[in-house]
Every structure is written in structure tokens, then in C-alpha cells.
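One structure below.
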Amino acid sequence: MLAYLIRRIMYAIPMLVLVSFFSFVVINLPPGDYLTTMQMTLQSQAGMSREDAIAMAERMRSRYGLDKPFVVQYYDWISGIVLRGDFGYSFQHNRPVSEVIWTRLGWTLLIAALCHAVSVIVGVTIGIFSATHKYSIGDNIFTVFAFLGLSVPNFFFALVLMYFLAFHMGVHVGGLFSPQYVIAPWTWDRFVDLLKHLWVPVVVVGLAGTAQNMRIMRGNLMDVLNRQYVETARAKGLSEHKVIYKHAVRNAIQPVIMYMGMALPFLIQGEIIASIILNLPTTGPAFYMALVNQDMYLAGSFLMMIAVVLVIGNLLADFTLAWLDPRVRYD
């Protein structure tokens with residue numbers, strides 16, 4: 001197992017380098033950059049002459065190394081990340097990229113962890129119930145809700161939920177706090193207010209994952225329950241509970257575990273559109289605005305973070321699968 005871990009990490013390093021390079025290429029493909037937009041803003045809104053605006057933009061390009069060749073810019077950026085933890089400078093936020101990321105990453109990880117836990121626990125539990133009560137009324141009801149969860153876009157569900165809460169329940173929606181608690185110090189009342197707002201993004205973002213886990217678990221468990229080793233376990237006189245949870249579920253849950261590793265980066269993004277609608281202080285809206293404004297270092301750092309999370313998620317999923325199923329051998 002240790003040899004497999006080392007081998008996977010060695011494979012991941014060159015892959016992350018390639019991802020970072022192509023991300024940097026894609027981000028720099030559109031013509032111009034953030035300073036080009038700033039130059040036009042200085043001319044149209046600040047009343048600065050064209051020559052002065054160009055001169056200021058060129059000074060900033062020289063200061064931040066944007067006048068260097070593309071390869072040199074990439075080397076400076078990636079070496080700063082690896083050697084000094086310096087992700088570059090965000091022109092849009094006017095501060096280092098690391099500060100922009102870390103201020104939003106905590107809320108992103110909290111919401112992502114809750115969404116992941118809810119989607120797995122609720123989805124797998126409902127999937128087990130549906131598979132063991134095939135074609136019952138409960139199974140049919142859960143199946144309808146699962147198809148709705150897979151087909152309804154998260155942003156549309158967020159809009160419907162916000163409309164219902166605001167106009168029919170009189171509840172403040174949007175953000176993670178009520179206006180009076182946004183910049184208030186941490187107190188018990190602020191924590192309770194957070195809980196009142198936190199369930200909305202968890203339900204909205206975790207809905208599709210819950211529905212998908214439910215469908216995957218139901219289909220796989222129904223297939224496993226017809227296997228010969230399950231019939232043999234029943235023939236030995238084992239209780240139905242032990243047959244299902246000790247023998248059938250351990251094999252049927254493997255696709256759900258493999259999917260968890262791939263789903264984690266999408267949760268880290270915070271479902272960009274849903275986060276914008278709900279006004280969440282997560283990385284998703286910041287990533288979107290960085291792409292729109294061509295804030296290259298901020299957008300590239302977000303892409304790198306998503307790639308790293310994907311690699312780590314797949315690695316954790318593989319080891320969880322090996323621990324759950326002793327037949328899996330990587331050595």
C-alpha cells in the first residue's frame with residue numbers, strides 16, 4: 001500500500017505541472033489583460049488622457065512582470081507557488097492572491113464538507129431503502145424526487161427556494177448572515193443566525209449529488225442482491241440485516257466512493273452560479289469574476305487549487321476503496 005501511495009504521488013506531480021501550464025495558456029488566450037481594461041476605464045471614467053493611461057498601464061505591467069515573455073511569466077508564477085507560496089497579485093482585489101483565496105476558502109470548505117456529507121449519507125441511505133423495497137410506494141416517491149434533483153439546475157432551484165422563503169415565509173435569504181451580523185463579532189446569536197442561513201446552500205448545492213448517489217446506490221445494490229454469494233449468505237441462516245449491510249452494501253457502495261473523489265472539486269467550486277445567486281462568500285463567484293476580468297493570477301490559482309483537490313480526492317477515494325474491500329490490491 002505504501003508503494004502504491006508513493007507511486008500515485010509521483011504520477012500526480014507531472015500531471016499537476018501540465019495542468020498548471022495549460023491553465024496558464026488558456027487564461028492568457030483572450031486578447032489583452034486586466035490592465036488593458038483598467039487603461040480604458042482610466043480614459044473613460046477618470047478623465048485621464050490616452051497617453052497617461054497607457055503610460056500608467058505599462059508601468060504596472062513592468063512592475064508585475066506582465067511585459068515579459070509568456071514562458072518567463074509562467075516560470076515566475078509556478079516557481080513562486082512552489083518555493084514561496086506566492087500565488088501572484090490580484091489586480092481586481094488589489095491584494096495578493098493568497099489573501100483572496102484564504103478569506104473565502106474557509107467558508108467554501110465548510111459548505112463543501114456539509115454538502116458532501118449530506119449527499120453521501122442521505123443518498124446512500126435512501127438508495128439502500130429503495131433497493132430493498134423495490135417498486136414500493138416509498139421507492140417510487142424517492143425515484144421521482146431523484147429524477148427532479150438530477151434534472152433541475154441548481155441555480156433555478158436556488159431562485160425558487162429564495163422566492164418561497166422571502167415572499168411566503170418572510171425569511172431573509174442570501175448570504176450566510178443577516179445584515180446585522182455580517183461584520184459583528186462571533187457570539188451565540190451570530191452562530192444561530194449562521195445555522196439559519198447555512199442550510200439553504202447545503203440543500204441547493206447538495207441536491208444533485210444526493211440524487212445521483214441515491215440512483216447509483218439503488219442500481220448497484222439491486223444488482224448485488226441477486227448475486228450468488230448473497231443467496232449463499234441467506235442460505236447459511238444469516239439475518240437479512242447482516243446479509244444486506246455486511247455483504248451486499250460493502251460491494252454496492254464502491255461506485256459511490258469512486259464518484260466522491262471526482263465530485264469534490266465541483267463542490268469546492270461552490271456551484272458558481274448558485275453561489276452568485278445566493279450571494280455566498282465562497283471561491284466560486286471570485287473565480288468567475290477573475291475569468292471575466294482576466295485577473296490571470298487569481299484565475300490560474302483557482303484552477304490549480306481545483307486540480308490539486310481532484311488529485312487528492314481521487315487518492316483518498318482509492319485508499320477508502322482498498323480499506324473497504326480487501327480484494328482490492330495495489331501492491
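If you're wondering about the labels, chains in the C-alpha cells are A, B, ... by order shown, residues count from 1 in each chain, ligands from 1 in order shown.
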
Excluding region 98-115 of chain A and residues on its chain fewer than 4 positions from it, collect all residues at most 9 Å away from it, counting only C-alpha atoms, and give them as a ChimeraX atom specification.
/A:85-90,93,119-120,198,201-207,209-210,264,266-270,280-284,286,298,301-302

Write the residues you've just listed into a file as a compact mmCIF listing (two decimals), in the first residue's frame, and include N, CA and C atoms for each of them.
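result22.txt, freshly written:
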# COMPACT_ATOMS: atom_id res chain seq x y z
N GLY A 85 5.17 29.95 -1.81
CA GLY A 85 3.74 30.02 -1.55
C GLY A 85 3.12 31.31 -2.04
N ASP A 86 3.75 31.95 -3.02
CA ASP A 86 3.29 33.22 -3.58
C ASP A 86 2.50 32.94 -4.85
N PHE A 87 1.19 33.18 -4.82
CA PHE A 87 0.32 32.89 -5.95
C PHE A 87 0.20 34.06 -6.92
N GLY A 88 0.92 35.13 -6.66
CA GLY A 88 0.83 36.29 -7.53
C GLY A 88 -0.03 37.37 -6.92
N TYR A 89 -0.37 38.37 -7.74
CA TYR A 89 -1.11 39.53 -7.26
C TYR A 89 -2.43 39.64 -8.01
N SER A 90 -3.50 39.88 -7.26
CA SER A 90 -4.82 40.05 -7.86
C SER A 90 -5.05 41.53 -8.13
N HIS A 93 -8.77 42.67 -6.93
CA HIS A 93 -8.94 42.90 -5.49
C HIS A 93 -7.84 43.77 -4.90
N SER A 119 -24.97 14.65 0.88
CA SER A 119 -25.24 13.94 -0.36
C SER A 119 -24.90 12.46 -0.24
N VAL A 120 -23.83 12.14 0.47
CA VAL A 120 -23.43 10.73 0.62
C VAL A 120 -24.33 10.00 1.61
N LEU A 198 -27.29 28.68 6.70
CA LEU A 198 -26.38 27.71 6.11
C LEU A 198 -27.10 26.56 5.42
N PRO A 201 -27.75 26.94 1.17
CA PRO A 201 -26.76 26.49 0.18
C PRO A 201 -26.46 25.01 0.26
N VAL A 202 -26.55 24.42 1.46
CA VAL A 202 -26.29 22.97 1.58
C VAL A 202 -27.35 22.19 0.82
N VAL A 203 -28.60 22.59 0.95
CA VAL A 203 -29.69 21.90 0.23
C VAL A 203 -29.57 22.13 -1.27
N VAL A 204 -29.30 23.38 -1.67
CA VAL A 204 -29.25 23.71 -3.10
C VAL A 204 -28.08 23.02 -3.78
N VAL A 205 -26.89 23.14 -3.21
CA VAL A 205 -25.69 22.57 -3.85
C VAL A 205 -25.65 21.06 -3.72
N GLY A 206 -26.15 20.52 -2.60
CA GLY A 206 -26.08 19.07 -2.37
C GLY A 206 -27.20 18.28 -2.98
N LEU A 207 -28.19 18.94 -3.57
CA LEU A 207 -29.35 18.22 -4.09
C LEU A 207 -28.98 17.26 -5.21
N GLY A 209 -26.07 15.96 -5.99
CA GLY A 209 -25.22 14.87 -5.51
C GLY A 209 -26.00 13.83 -4.75
N THR A 210 -26.97 14.28 -3.95
CA THR A 210 -27.82 13.33 -3.22
C THR A 210 -28.62 12.46 -4.17
N LEU A 264 -15.64 16.02 -5.47
CA LEU A 264 -15.13 17.00 -4.52
C LEU A 264 -14.72 18.32 -5.17
N PHE A 266 -15.95 19.84 -7.73
CA PHE A 266 -17.13 20.60 -8.11
C PHE A 266 -17.79 21.24 -6.89
N LEU A 267 -17.70 20.56 -5.74
CA LEU A 267 -18.22 21.16 -4.53
C LEU A 267 -17.32 22.29 -4.05
N ILE A 268 -16.00 22.14 -4.25
CA ILE A 268 -15.07 23.20 -3.87
C ILE A 268 -15.35 24.47 -4.67
N GLN A 269 -15.71 24.31 -5.94
CA GLN A 269 -16.06 25.48 -6.75
C GLN A 269 -17.28 26.21 -6.18
N GLY A 270 -18.05 25.47 -5.40
CA GLY A 270 -19.21 26.11 -4.77
C GLY A 270 -20.38 26.30 -5.70
N LEU A 280 -22.98 34.02 -1.78
CA LEU A 280 -22.14 33.31 -0.82
C LEU A 280 -20.69 33.78 -0.94
N PRO A 281 -19.98 33.93 0.19
CA PRO A 281 -18.58 34.36 0.15
C PRO A 281 -17.64 33.18 -0.11
N THR A 282 -17.88 32.44 -1.18
CA THR A 282 -17.08 31.26 -1.50
C THR A 282 -16.15 31.55 -2.67
N THR A 283 -15.37 30.55 -3.05
CA THR A 283 -14.40 30.74 -4.12
C THR A 283 -15.06 30.78 -5.50
N GLY A 284 -16.25 30.20 -5.64
CA GLY A 284 -16.90 30.14 -6.95
C GLY A 284 -17.12 31.50 -7.59
N ALA A 286 -15.74 34.36 -6.88
CA ALA A 286 -14.45 35.02 -7.10
C ALA A 286 -13.75 34.46 -8.32
N LEU A 298 -5.16 35.18 -10.27
CA LEU A 298 -6.23 34.69 -9.41
C LEU A 298 -6.96 33.52 -10.06
N SER A 301 -4.70 30.44 -10.15
CA SER A 301 -4.55 29.83 -8.83
C SER A 301 -5.78 29.01 -8.45
N PHE A 302 -6.98 29.50 -8.83
CA PHE A 302 -8.19 28.73 -8.57
C PHE A 302 -8.18 27.42 -9.37

Name all residues at most 7 Å from Asn154 (chain A) (count only C-alpha atoms; drop same-chain ones fewer than 2 positions away) and give them as an NGL selection string.
:A and (152 or 156-158 or 204-205 or 274)

Which residue out of A:Tyr245, A:Tyr163, A:Tyr74, A:Tyr64 has the minimum interatomic distance to Ser23 (chain A) when only C-alpha atoms are used?
A:Tyr74

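Closest approach to Phe21 (chain A) among A:Asn314, A:Ser239, A:Gln212, A:Gln73 is made by A:Gln73 (distances from only C-alpha atoms).
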
Residue with the minimum atom-to-atom distance to Leu316 (chain A), picked from A:Leu161, A:Ile276, A:Ile141, A:Met260 with only C-alpha atoms counted, is A:Met260

Using DSSP on the backbone coordinates, identify the residues of region 102-196 of chain A assigned to alpha helix (DSSP H); present them as an NGL selection string.
:A and (102-132 or 137-151 or 154-167 or 188-196)

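All residues of protein, DNA or RNA that reach within 12 Å of Ile54 (chain A), judged by only C-alpha atoms and not counting those fewer than 3 positions away in the chain, are Leu35, Thr36, Thr37, Met38, Gln39, Met40, Thr41, Leu42, Gln43, Met48, Ser49, Arg50, Glu51, Ala57, Glu58, Arg59, Met60 and Arg61 of chain A.
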
Kindly save the residues from that selection, with C-alpha atoms included, as a CSV table (one decimal), in the first residue's frame.
chain,number,residue,atom,x,y,z
A,35,LEU,CA,-4.5,46.3,-17.2
A,36,THR,CA,-6.0,46.8,-20.7
A,37,THR,CA,-9.4,47.1,-19.2
A,38,MET,CA,-8.0,49.4,-16.5
A,39,GLN,CA,-6.5,51.6,-19.1
A,40,MET,CA,-9.9,52.0,-20.9
A,41,THR,CA,-11.5,52.8,-17.5
A,42,LEU,CA,-9.0,55.5,-16.7
A,43,GLN,CA,-9.7,57.1,-20.1
A,48,MET,CA,-7.1,60.7,-18.0
A,49,SER,CA,-5.6,61.3,-21.4
A,50,ARG,CA,-4.8,58.3,-23.6
A,51,GLU,CA,-1.1,58.8,-23.3
A,57,ALA,CA,-0.7,50.6,-17.6
A,58,GLU,CA,2.8,50.0,-19.0
A,59,ARG,CA,4.4,50.9,-15.6
A,60,MET,CA,2.2,48.4,-13.9
A,61,ARG,CA,3.0,45.7,-16.5

For a quick check of understanding, using only C-alpha atoms, which of A:Ile128, A:Ser62, A:Leu176, A:Val19 has the smallest distance to Leu278 (chain A)?
A:Leu176

Region 215-218 of chain A surroundings by only C-alpha atoms, 8 Å radius, close-in-sequence under 2 positions cut, as a list in words
Gly123, Val124, Gly127, Ile128, Ser130, Ala131, Thr143, Ala146, Ala211, Gln212, Asn213, Asn220, Leu221, Met222, Ala252, Ile253, Pro255 and Val256 of chain A

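The space between CA of Ile277 (chain A) and CA of Asn293 (chain A) spans 19.0 Å.
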